[in-house]
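Below is final.txt, holding compact mmCIF, C-alpha atoms.
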# COMPACT_ATOMS: atom_id res chain seq x y z
CA MET Q 1 -8.54 -14.14 -14.37
CA ARG Q 2 -8.45 -11.68 -11.50
CA VAL Q 3 -7.98 -12.42 -7.82
CA SER Q 4 -10.71 -11.28 -5.44
CA LEU Q 5 -9.59 -8.99 -2.64
CA PRO Q 6 -9.25 -10.74 0.73
CA PHE Q 7 -11.91 -8.57 2.37
CA SER Q 8 -15.59 -9.30 2.82
CA GLY Q 9 -16.60 -5.76 1.87
CA ARG Q 10 -15.51 -2.16 2.19
CA ALA Q 11 -12.20 -2.18 4.04
CA LEU Q 12 -9.81 0.11 5.87
CA VAL Q 13 -6.18 -1.05 5.99
CA GLY Q 14 -3.49 0.37 8.26
CA ALA Q 15 -0.04 1.13 6.86
CA VAL Q 16 2.74 -0.33 9.00
CA HIS Q 17 5.49 2.16 8.20
CA LEU Q 18 8.67 0.27 9.02
CA GLN Q 19 11.54 2.10 10.61
CA PRO Q 20 14.74 2.31 8.51
CA LEU Q 21 15.96 -1.20 7.79
CA PRO Q 22 19.59 -2.36 8.11
CA GLY Q 23 21.74 -1.05 5.28
CA SER Q 24 19.68 2.08 4.59
CA PRO Q 25 21.12 5.58 5.16
CA LEU Q 26 18.54 6.49 7.81
CA TRP Q 27 19.22 3.24 9.69
CA GLU Q 28 22.85 4.31 9.94
CA ALA Q 29 21.79 7.80 11.03
CA ALA Q 30 19.51 6.31 13.72
CA GLY Q 31 22.43 4.50 15.33
CA ARG Q 32 21.89 1.09 13.73
CA PRO Q 33 18.90 -0.13 15.77
CA SER Q 34 18.55 -3.89 16.01
CA LEU Q 35 16.29 -5.73 13.60
CA GLU Q 36 14.44 -7.18 16.57
CA SER Q 37 13.52 -3.69 17.78
CA ILE Q 38 12.26 -2.82 14.29
CA VAL Q 39 10.19 -6.01 14.23
CA ALA Q 40 8.76 -5.24 17.67
CA ARG Q 41 7.66 -1.78 16.54
CA ALA Q 42 6.05 -3.25 13.40
CA VAL Q 43 4.11 -5.76 15.50
CA SER Q 44 3.01 -3.05 17.93
CA ASP Q 45 1.75 -0.83 15.11
CA ALA Q 46 -0.10 -3.71 13.45
CA GLU Q 47 -1.77 -4.68 16.72
CA ALA Q 48 -2.83 -1.07 17.30
CA TYR Q 49 -4.43 -0.82 13.86
CA LEU Q 50 -6.31 -4.09 14.24
CA ALA Q 51 -7.44 -3.26 17.78
CA ALA Q 52 -8.80 0.03 16.42
CA GLY Q 53 -10.94 -1.87 13.92
CA CYS Q 54 -8.91 -1.91 10.71
CA GLN Q 55 -9.73 -4.95 8.58
CA GLY Q 56 -6.07 -5.51 7.66
CA VAL Q 57 -2.61 -3.97 7.50
CA ILE Q 58 0.06 -3.46 4.86
CA VAL Q 59 3.78 -3.55 5.66
CA GLU Q 60 6.17 -1.29 3.74
CA ASN Q 61 9.80 -0.19 4.02
CA PHE Q 62 8.80 3.43 4.54
CA GLY Q 63 11.99 4.43 6.36
CA ASP Q 64 14.40 3.35 3.64
CA ALA Q 65 14.58 6.61 1.67
CA PRO Q 66 16.21 7.25 -0.71
CA PHE Q 67 14.65 4.24 -2.36
CA PHE Q 68 15.94 1.93 -5.03
CA LYS Q 69 13.65 1.11 -7.94
CA ARG Q 70 14.20 -2.50 -6.91
CA ALA Q 71 15.09 -3.24 -3.31
CA PRO Q 72 18.49 -4.75 -2.43
CA LEU Q 73 18.68 -8.24 -0.98
CA GLU Q 74 19.23 -7.10 2.61
CA THR Q 75 16.08 -4.99 2.46
CA VAL Q 76 14.03 -7.86 1.06
CA ALA Q 77 15.34 -10.20 3.77
CA CYS Q 78 14.63 -7.76 6.63
CA LEU Q 79 11.22 -6.81 5.27
CA THR Q 80 10.37 -10.51 5.06
CA ARG Q 81 11.24 -10.91 8.73
CA CYS Q 82 9.02 -7.97 9.68
CA ALA Q 83 6.11 -9.08 7.48
CA ARG Q 84 6.19 -12.59 8.89
CA ALA Q 85 5.99 -11.26 12.44
CA VAL Q 86 3.01 -9.11 11.48
CA VAL Q 87 1.24 -12.05 9.82
CA GLU Q 88 1.73 -14.08 13.00
CA VAL Q 89 -0.10 -11.52 15.16
CA ALA Q 90 -2.74 -10.58 12.56
CA GLY Q 91 -4.62 -13.86 12.82
CA SER Q 92 -7.29 -13.98 10.13
CA ALA Q 93 -6.87 -10.31 9.19
CA PRO Q 94 -5.27 -9.95 5.73
CA VAL Q 95 -1.74 -8.59 5.56
CA GLY Q 96 -0.26 -6.86 2.52
CA VAL Q 97 3.27 -5.99 1.39
CA ASN Q 98 4.60 -2.92 -0.42
CA VAL Q 99 8.30 -2.85 -1.37
CA LEU Q 100 9.32 0.69 -2.21
CA ARG Q 101 9.88 2.07 -4.63
CA ASN Q 102 8.33 -0.29 -7.12
CA ASP Q 103 9.56 -3.80 -6.47
CA GLY Q 104 6.39 -5.79 -7.10
CA HIS Q 105 8.40 -8.94 -7.69
CA ALA Q 106 9.97 -8.76 -4.23
CA ALA Q 107 6.59 -7.88 -2.69
CA LEU Q 108 4.95 -10.87 -4.32
CA ALA Q 109 7.76 -13.22 -3.25
CA ILE Q 110 7.62 -11.93 0.32
CA ALA Q 111 3.84 -12.27 0.40
CA LEU Q 112 4.06 -15.86 -0.77
CA ALA Q 113 6.76 -16.69 1.78
CA VAL Q 114 5.03 -15.17 4.82
CA GLY Q 115 1.38 -15.83 4.02
CA ALA Q 116 0.37 -12.27 3.11
CA ARG Q 117 -2.74 -11.87 0.95
CA PHE Q 118 -2.12 -8.79 -1.19
CA VAL Q 119 0.60 -6.49 -2.51
CA ARG Q 120 0.70 -2.87 -3.61
CA VAL Q 121 2.51 -1.93 -6.82
CA ASN Q 122 3.13 1.76 -7.49
CA VAL Q 123 3.60 1.53 -11.27
CA LEU Q 124 1.97 -1.61 -12.64
CA SER Q 125 1.14 -0.03 -15.99
CA GLY Q 126 2.70 2.80 -17.96
CA ALA Q 127 5.72 4.81 -16.82
CA ALA Q 128 6.39 7.58 -14.32
CA VAL Q 129 9.17 10.08 -13.67
CA THR Q 130 10.05 9.90 -9.98
CA ASP Q 131 12.83 10.83 -7.59
CA GLN Q 132 14.24 7.38 -8.38
CA GLY Q 133 14.29 8.21 -12.08
CA LEU Q 134 12.08 6.58 -14.68
CA ILE Q 135 9.93 3.71 -13.40
CA GLU Q 136 8.26 1.47 -15.95
CA SER Q 137 5.44 -1.08 -15.99
CA GLU Q 138 5.89 -4.40 -14.22
CA ALA Q 139 2.59 -5.95 -15.31
CA ALA Q 140 3.84 -8.43 -17.92
CA THR Q 141 6.47 -10.06 -15.74
CA LEU Q 142 4.62 -9.69 -12.43
CA LEU Q 143 1.42 -11.36 -13.60
CA ARG Q 144 3.43 -14.22 -15.06
CA LEU Q 145 5.41 -14.58 -11.85
CA ARG Q 146 2.21 -14.72 -9.82
CA ALA Q 147 0.81 -17.43 -12.07
CA GLY Q 148 4.08 -19.37 -11.99
CA LEU Q 149 4.15 -19.27 -8.19
CA GLY Q 150 0.62 -20.58 -7.99
CA ALA Q 151 -0.58 -17.37 -6.35
CA GLY Q 152 -3.05 -16.38 -9.07
CA ALA Q 153 -6.80 -16.88 -9.16
CA GLY Q 154 -6.48 -20.65 -9.31
CA GLY Q 155 -4.01 -20.91 -6.45
CA ALA Q 156 -4.73 -22.24 -2.99
CA GLU Q 157 -3.66 -18.89 -1.44
CA PRO Q 158 -4.17 -16.24 -4.13
CA ILE Q 159 -2.40 -12.89 -3.73
CA ALA Q 160 -4.24 -9.80 -4.95
CA LEU Q 161 -2.46 -6.98 -6.80
CA LEU Q 162 -3.50 -3.45 -5.80
CA ALA Q 163 -2.03 -0.96 -8.26
CA ASP Q 164 -1.67 2.81 -8.15
CA VAL Q 165 -2.94 5.05 -10.93
CA HIS Q 166 -0.81 8.19 -11.39
CA VAL Q 167 1.03 7.30 -8.19
CA LYS Q 168 2.09 9.93 -5.64
CA HIS Q 169 5.58 11.43 -5.67
CA ALA Q 170 5.65 11.02 -9.45
CA GLN Q 171 4.62 12.48 -12.77
CA PRO Q 172 3.13 10.16 -15.41
CA LEU Q 173 5.13 9.96 -18.61
CA GLY Q 174 3.26 10.46 -21.86
CA GLY Q 175 0.59 12.92 -20.81
CA GLY Q 176 -2.37 10.54 -20.74
CA SER Q 177 -5.45 11.29 -18.68
CA LEU Q 178 -6.17 9.77 -15.30
CA ALA Q 179 -9.14 7.92 -16.82
CA SER Q 180 -7.07 6.34 -19.59
CA ALA Q 181 -4.36 5.34 -17.12
CA ALA Q 182 -7.00 3.71 -14.93
CA GLN Q 183 -8.40 1.78 -17.88
CA ASP Q 184 -4.94 0.59 -18.92
CA THR Q 185 -4.03 -0.45 -15.37
CA ALA Q 186 -7.25 -2.40 -14.90
CA LYS Q 187 -7.90 -3.82 -18.37
CA ARG Q 188 -4.39 -4.30 -19.75
CA GLY Q 189 -2.33 -4.42 -16.55
CA LEU Q 190 -4.99 -6.68 -14.95
CA ALA Q 191 -4.87 -5.03 -11.53
CA ASP Q 192 -7.26 -6.52 -9.00
CA ALA Q 193 -7.94 -3.07 -7.51
CA LEU Q 194 -6.94 0.50 -8.30
CA ILE Q 195 -5.39 2.95 -5.84
CA VAL Q 196 -5.66 6.72 -6.17
CA SER Q 197 -3.56 9.03 -4.00
CA GLY Q 198 -2.77 12.70 -3.63
CA SER Q 199 0.48 14.32 -4.71
CA GLY Q 200 2.48 12.88 -1.82
CA THR Q 201 2.40 11.05 1.49
CA GLY Q 202 -0.38 12.41 3.67
CA TYR Q 203 -2.13 14.26 0.83
CA ALA Q 204 -5.56 13.18 -0.36
CA PRO Q 205 -6.82 13.25 -3.93
CA SER Q 206 -9.80 15.39 -4.80
CA PRO Q 207 -13.25 13.81 -5.00
CA GLU Q 208 -13.20 14.66 -8.71
CA ARG Q 209 -10.15 12.44 -9.28
CA LEU Q 210 -11.82 9.55 -7.51
CA ARG Q 211 -14.99 10.00 -9.55
CA GLU Q 212 -12.99 10.13 -12.77
CA VAL Q 213 -11.42 6.75 -12.04
CA ARG Q 214 -14.72 5.27 -10.84
CA GLU Q 215 -16.49 6.31 -14.04
CA ALA Q 216 -13.64 5.04 -16.24
CA VAL Q 217 -13.41 1.59 -14.61
CA SER Q 218 -16.58 1.03 -12.64
CA GLU Q 219 -16.15 -2.74 -12.29
CA THR Q 220 -12.74 -2.59 -10.55
CA PRO Q 221 -12.51 -1.85 -6.79
CA LEU Q 222 -11.33 1.68 -6.06
CA TRP Q 223 -9.11 2.41 -3.06
CA LEU Q 224 -7.62 5.54 -1.53
CA GLY Q 225 -3.85 5.37 -1.09
CA SER Q 226 -3.02 8.49 0.90
CA GLY Q 227 -4.44 11.38 2.84
CA LEU Q 228 -7.45 9.82 4.55
CA THR Q 229 -8.39 11.78 7.69
CA VAL Q 230 -11.26 11.99 10.13
CA GLU Q 231 -12.21 15.28 8.52
CA ASN Q 232 -12.40 14.07 4.90
CA CYS Q 233 -13.95 10.63 5.47
CA ALA Q 234 -17.47 11.98 5.03
CA GLU Q 235 -16.60 13.40 1.59
CA LEU Q 236 -14.26 10.71 0.26
CA GLY Q 237 -15.50 7.59 2.02
CA PRO Q 238 -18.70 7.07 -0.01
CA LEU Q 239 -16.64 7.05 -3.23
CA LEU Q 240 -14.40 4.19 -2.11
CA ASP Q 241 -14.35 0.41 -1.82
CA GLY Q 242 -11.40 0.60 0.52
CA ALA Q 243 -8.62 2.81 1.83
CA ILE Q 244 -5.13 2.68 3.30
CA VAL Q 245 -4.53 4.93 6.31
CA GLY Q 246 -1.13 5.88 7.68
CA SER Q 247 -0.23 9.43 8.66
CA ALA Q 248 -3.58 10.35 10.20
CA ALA Q 249 -3.43 7.36 12.56
CA GLU Q 250 0.13 7.98 13.73
CA VAL Q 251 1.40 10.13 16.59
CA GLU Q 252 0.93 13.83 15.77
CA GLY Q 253 -0.39 12.83 12.36
CA LYS Q 254 3.16 12.37 11.06
CA ALA Q 255 4.07 9.49 8.76
CA GLY Q 256 6.67 7.21 10.29
CA ASN Q 257 5.69 7.85 13.90
CA PRO Q 258 4.20 5.01 15.98
CA VAL Q 259 0.48 4.35 15.63
CA ASP Q 260 -1.63 6.36 18.07
CA PRO Q 261 -4.50 4.06 19.15
CA ALA Q 262 -6.90 6.95 19.74
CA ARG Q 263 -6.20 8.55 16.37
CA ALA Q 264 -6.53 5.16 14.65
CA ARG Q 265 -9.90 4.49 16.28
CA ALA Q 266 -11.15 7.92 15.26
CA VAL Q 267 -10.29 7.33 11.60
CA VAL Q 268 -11.84 3.86 11.65
CA GLU Q 269 -15.08 5.18 13.14
CA ALA Q 270 -15.25 8.04 10.64
CA PHE Q 271 -14.62 5.68 7.71
CA ILE Q 272 -17.24 3.18 8.88
CA TYR Q 273 -19.79 5.95 9.36
CA SER Q 274 -19.08 7.35 5.90
CA GLY Q 275 -20.22 4.10 4.36
CA SER Q 276 -23.41 3.74 6.37
CA ALA Q 277 -25.36 6.53 4.71
Kindly transcribe the structure held in the file into structure tokens.
Amino acid sequence: MRVSLPFSGRALVGAVHLQPLPGSPLWEAAGRPSLESIVARAVSDAEAYLAAGCQGVIVENFGDAPFFKRAPLETVACLTRCARAVVEVAGSAPVGVNVLRNDGHAALAIALAVGARFVRVNVLSGAAVTDQGLIESEAATLLRLRAGLGAGAGGAEPIALLADVHVKHAQPLGGGSLASAAQDTAKRGLADALIVSGSGTGYAPSPERLREVREAVSETPLWLGSGLTVENCAELGPLLDGAIVGSAAEVEGKAGNPVDPARARAVVEAFIYSGSA
């Protein structure tokens, strides 16, 4: 039984791109900033997204490249600290967790611990060749873990699983179509919502790709995972049940920069307008 998404309708979620966390190469290169300063930046970005009108935020260890397939313990611990601080300032707005590169188990555990309401899993079904090597499906173990933790559909605080289809920065293994991958992710992987992205961070998919997934799995919510901008909201927005925005809402439109309140408001307004027609 699937978990309903923690949003009352069509939603725009802001990506809180965490700075490099302790132990990562870029954290060392940045002069080992304190965890408290990283937490403060995460809180500031989350507040800016919510003040701009986003319905929720998702916290991810964006600055930790190169990524492990499964995050090390220090990353999980620090990400938990950041996510909890974001939950505390988000109030009733849903918070999500994404542990890069594909650690759905850690994301689910963090979400349960901090009171987050959804997680993003890059490869829930199938397999993909990535810069981390071969990443394989986590559906069988992840769905059982969610049920065992009481975070499934029958739980007091259910946690929704949003899963990518043909995820960015990757090539699907096996040569299947986007439509068949969407069907497998929704019907066999039991994703609560599907995410479609462009080829990489900041790149949007074509409207044709979104329509292909929508037609293949019309009953499952369809979200955009990258590349949403003020300029493309009018074209892509009507095809979506939700979207995650990052780069376009950050200073100079660059992923990893602080959230720019004016840019965030502009994307929110464009997305809302695109659904009013």
Close residues, range 232-239 of chain Q itself excluded, 7 Å, only C-alpha atoms, min 2 positions apart in chain, as a ChimeraX atom specification | /Q:207,210,228-230,270-271,274-275
Please check which residues have atoms at most 9 Å from (13.5, 8.1, -9.3) in the file's coordinates, counting all atoms listed in the file, and write them as a compact mmCIF listing (two decimals) with C-alpha atoms, keeping the file's coordinate frame.
# COMPACT_ATOMS: atom_id res chain seq x y z
CA PHE Q 67 14.65 4.24 -2.36
CA PHE Q 68 15.94 1.93 -5.03
CA LYS Q 69 13.65 1.11 -7.94
CA ARG Q 101 9.88 2.07 -4.63
CA ALA Q 128 6.39 7.58 -14.32
CA VAL Q 129 9.17 10.08 -13.67
CA THR Q 130 10.05 9.90 -9.98
CA ASP Q 131 12.83 10.83 -7.59
CA GLN Q 132 14.24 7.38 -8.38
CA GLY Q 133 14.29 8.21 -12.08
CA LEU Q 134 12.08 6.58 -14.68
CA ILE Q 135 9.93 3.71 -13.40
CA ALA Q 170 5.65 11.02 -9.45
Within 9 Å of Ala83 in chain Q, counting all atoms listed in the file, which residues show up once you throw out same-chain ones fewer than 2 positions away? Write them as a PyMOL selection string, please.
-> chain Q and resi 39+42-43+58-60+78-81+85-88+95-97+110-111+114-116
Which residues, written as a short mmCIF file (atom, residue, chain, number, x, y, z; two decimals) with C-alpha atoms, in the coordinates of the input, have at least one atom at most 8 Å from range 138-146 of chain Q, with all atoms listed in the file counted and residues fewer than 6 positions away on the same chain left out?
data_model
loop_
_atom_site.label_atom_id
_atom_site.label_comp_id
_atom_site.auth_asym_id
_atom_site.auth_seq_id
_atom_site.Cartn_x
_atom_site.Cartn_y
_atom_site.Cartn_z
CA GLY Q 104 6.39 -5.79 -7.10
CA HIS Q 105 8.40 -8.94 -7.69
CA LEU Q 108 4.95 -10.87 -4.32
CA VAL Q 123 3.60 1.53 -11.27
CA LEU Q 124 1.97 -1.61 -12.64
CA SER Q 125 1.14 -0.03 -15.99
CA GLY Q 152 -3.05 -16.38 -9.07
CA ILE Q 159 -2.40 -12.89 -3.73
CA GLY Q 189 -2.33 -4.42 -16.55
CA LEU Q 190 -4.99 -6.68 -14.95
#
Find the residue from Q:Val245, Q:Ala204, Q:Val268, Q:Ala186 that sits nearest to Val217 in chain Q; use all atoms listed in the file when measuring.
-> Q:Ala186
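For the pair CA of Val259 in chain Q and CA of Asp45 in chain Q, the interatomic distance is 5.4 Å.
We find CA of Pro261 in chain Q and CA of Val196 in chain Q to be spaced 25.5 Å apart.
The residue that comes closest to Ala160 in chain Q, out of Q:Arg2, Q:Arg84, Q:Arg214, Q:Lys254 and on the basis of only C-alpha atoms, is Q:Arg2.
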One decimal place gives the CA of Leu194 in chain Q-CA of Ala182 in chain Q separation as 7.4 Å
Nearest to Ser34 in chain Q by atom-to-atom distance, counting only C-alpha atoms, from Q:Pro22, Q:Pro172, Q:Gly198, Q:Pro205 = Q:Pro22
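Each of Q:Ala46, Q:Leu178, Q:Val165, Q:Leu173 was checked against Glu208 in chain Q using all atoms listed in the file; the smallest atom-to-atom distance is that of Q:Leu178.
Compared by their closest atoms to Asn98 in chain Q, and using only C-alpha atoms, the residues Q:Leu112, Q:Ala193, Q:Ala15, Q:Ala248 rank with Q:Ala15 nearest.
For the choices Q:His17, Q:Ala40, Q:Glu47, Q:Ala179, the atom-to-atom distance to Val99 in chain Q is smallest for Q:His17 when using all atoms listed in the file.
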Could you give me, as a VMD selection string, the residues within 9 Å of Glu250 in chain Q, counting only C-alpha atoms and dropping anything in the same chain fewer than 3 positions from it?
-> chain Q and resid 246 to 247 253 to 261 263 to 264
